[in-house]
Amino acid sequence: MIIKNKKETIYYSGFSMEPSETVELLDNSKGKIISNRTHKIVKLEEYKILSFWDKINELGVWNWSKKYPVKEPELEQLLDGYRWELKLRDRNGKAKYCSGYMSFPRKFKELIKELNYLFGSKIRF
C-alpha cells in the first residue's frame with residue numbers, strides 16, 4: 001500500500017506477562033523506547049534509519065501477513081503468551097501493519113535485531 005504525504009512511521013510493541021517493550025520513531029530523528037516502565041528518548045542517526053529501511057526490504061516485511069497466526073485457532077487461547085504489533089511507513093509512503101499472538105512471520109528475529117540496532121533497545125521475545 002502506498003500513501004503519499006504521510007509521516008514516516010516505525011513502531012513496534014511486544015509484551016507477555018511483563019510490561020510491554022515499545023520503540024517508536026518520533027520527529028526530528030528521535031526515537032522513544034519504553035521498557036520496564038521507563039521512557040527514554042534517543043537520537044537516531046540518519047544512516048541507521050536509512051539502513052533500517054534497506055533491511056526491511058531485504059527481510060520481505062512488506063509481504064508479511066496482516067495477522068499471525070494467519071488462521072484462527074480452533075481453541076480459545078489463553079492470554080499469557082507473547083503479543084506483538086508492528087506499524088511501518090517509509091519515506092515513499094509504503095505502509096505495513098501487522099500483529100500477532102504466539103505466532104511470528106519468517107525472519108521476525110532479524111526484524112527485532114534491526115529494531116534493537118536502530119533504537120539501541122533490548123527487545124526480547
# chains A, B, ... in the order shown; residues from 1 in each chain; ligands from 1

call {"tool": "residues_around", "arguments": {"residues": "A:Lys32", "least_positions_apart": "6", "cutoff": "9 Å", "atoms": "only C-alpha atoms", "output": "ChimeraX atom specification"}}
result
/A:22-26,39-42,119

call {"tool": "write_last_selection", "arguments": {"atoms": "C-alpha atoms", "output": "tab-separated table (two decimals), in the first residue's frame"}}
result
chain	number	residue	atom	x	y	z
A	22	THR	CA	7.90	-0.41	22.72
A	23	VAL	CA	10.01	1.55	20.26
A	24	GLU	CA	8.74	4.41	18.14
A	25	LEU	CA	10.22	6.88	15.65
A	26	LEU	CA	9.48	10.46	16.66
A	39	HIS	CA	10.61	6.06	28.99
A	40	LYS	CA	13.74	7.13	27.16
A	41	ILE	CA	14.19	9.50	24.20
A	42	VAL	CA	17.22	8.78	22.00
A	119	PHE	CA	16.95	2.35	18.68

call {"tool": "select_by_dssp", "arguments": {"residues": "stretch 45-104 of chain A", "states": "helix (DSSP H, G or I)", "output": "JSON, numbers by chain"}}
result
{"A": [46, 47, 48, 49, 50, 51, 52, 53, 54, 55, 56, 57, 58, 59, 61, 62, 63]}

call {"tool": "closest_residue", "arguments": {"among": "A:Glu21, A:Lys71, A:Thr9, A:Leu115", "to": "A:Thr38", "atoms": "only C-alpha atoms"}}
result
A:Glu21

call {"tool": "atom_distance", "arguments": {"atom1": "atom CA of A:Phe15", "atom2": "atom CA of A:Asn57"}}
result
25.2 Å

call {"tool": "decode", "arguments": {"residues": "stretch 42-64 of chain A", "atoms": "C-alpha atoms", "output": "compact mmCIF listing (two decimals), in the first residue's frame"}}
result
# COMPACT_ATOMS: atom_id res chain seq x y z
CA VAL A 42 17.22 8.78 22.00
CA LYS A 43 18.81 10.46 18.97
CA LEU A 44 18.68 8.23 15.87
CA GLU A 45 21.41 8.53 13.27
CA GLU A 46 20.10 9.21 9.75
CA TYR A 47 22.26 6.45 8.26
CA LYS A 48 20.75 3.95 10.72
CA ILE A 49 17.21 4.93 9.70
CA LEU A 50 18.09 4.52 6.01
CA SER A 51 19.82 1.20 6.73
CA PHE A 52 16.72 0.04 8.64
CA TRP A 53 14.53 0.61 5.57
CA ASP A 54 17.00 -1.32 3.42
CA LYS A 55 16.82 -4.22 5.89
CA ILE A 56 13.01 -4.11 5.89
CA ASN A 57 13.12 -4.61 2.13
CA GLU A 58 15.68 -7.43 2.41
CA LEU A 59 13.64 -9.23 5.09
CA GLY A 60 10.48 -9.06 2.98
CA VAL A 61 8.46 -7.38 5.73
CA TRP A 62 6.23 -5.67 3.14
CA ASN A 63 4.96 -9.15 2.19
CA TRP A 64 4.12 -10.29 5.72
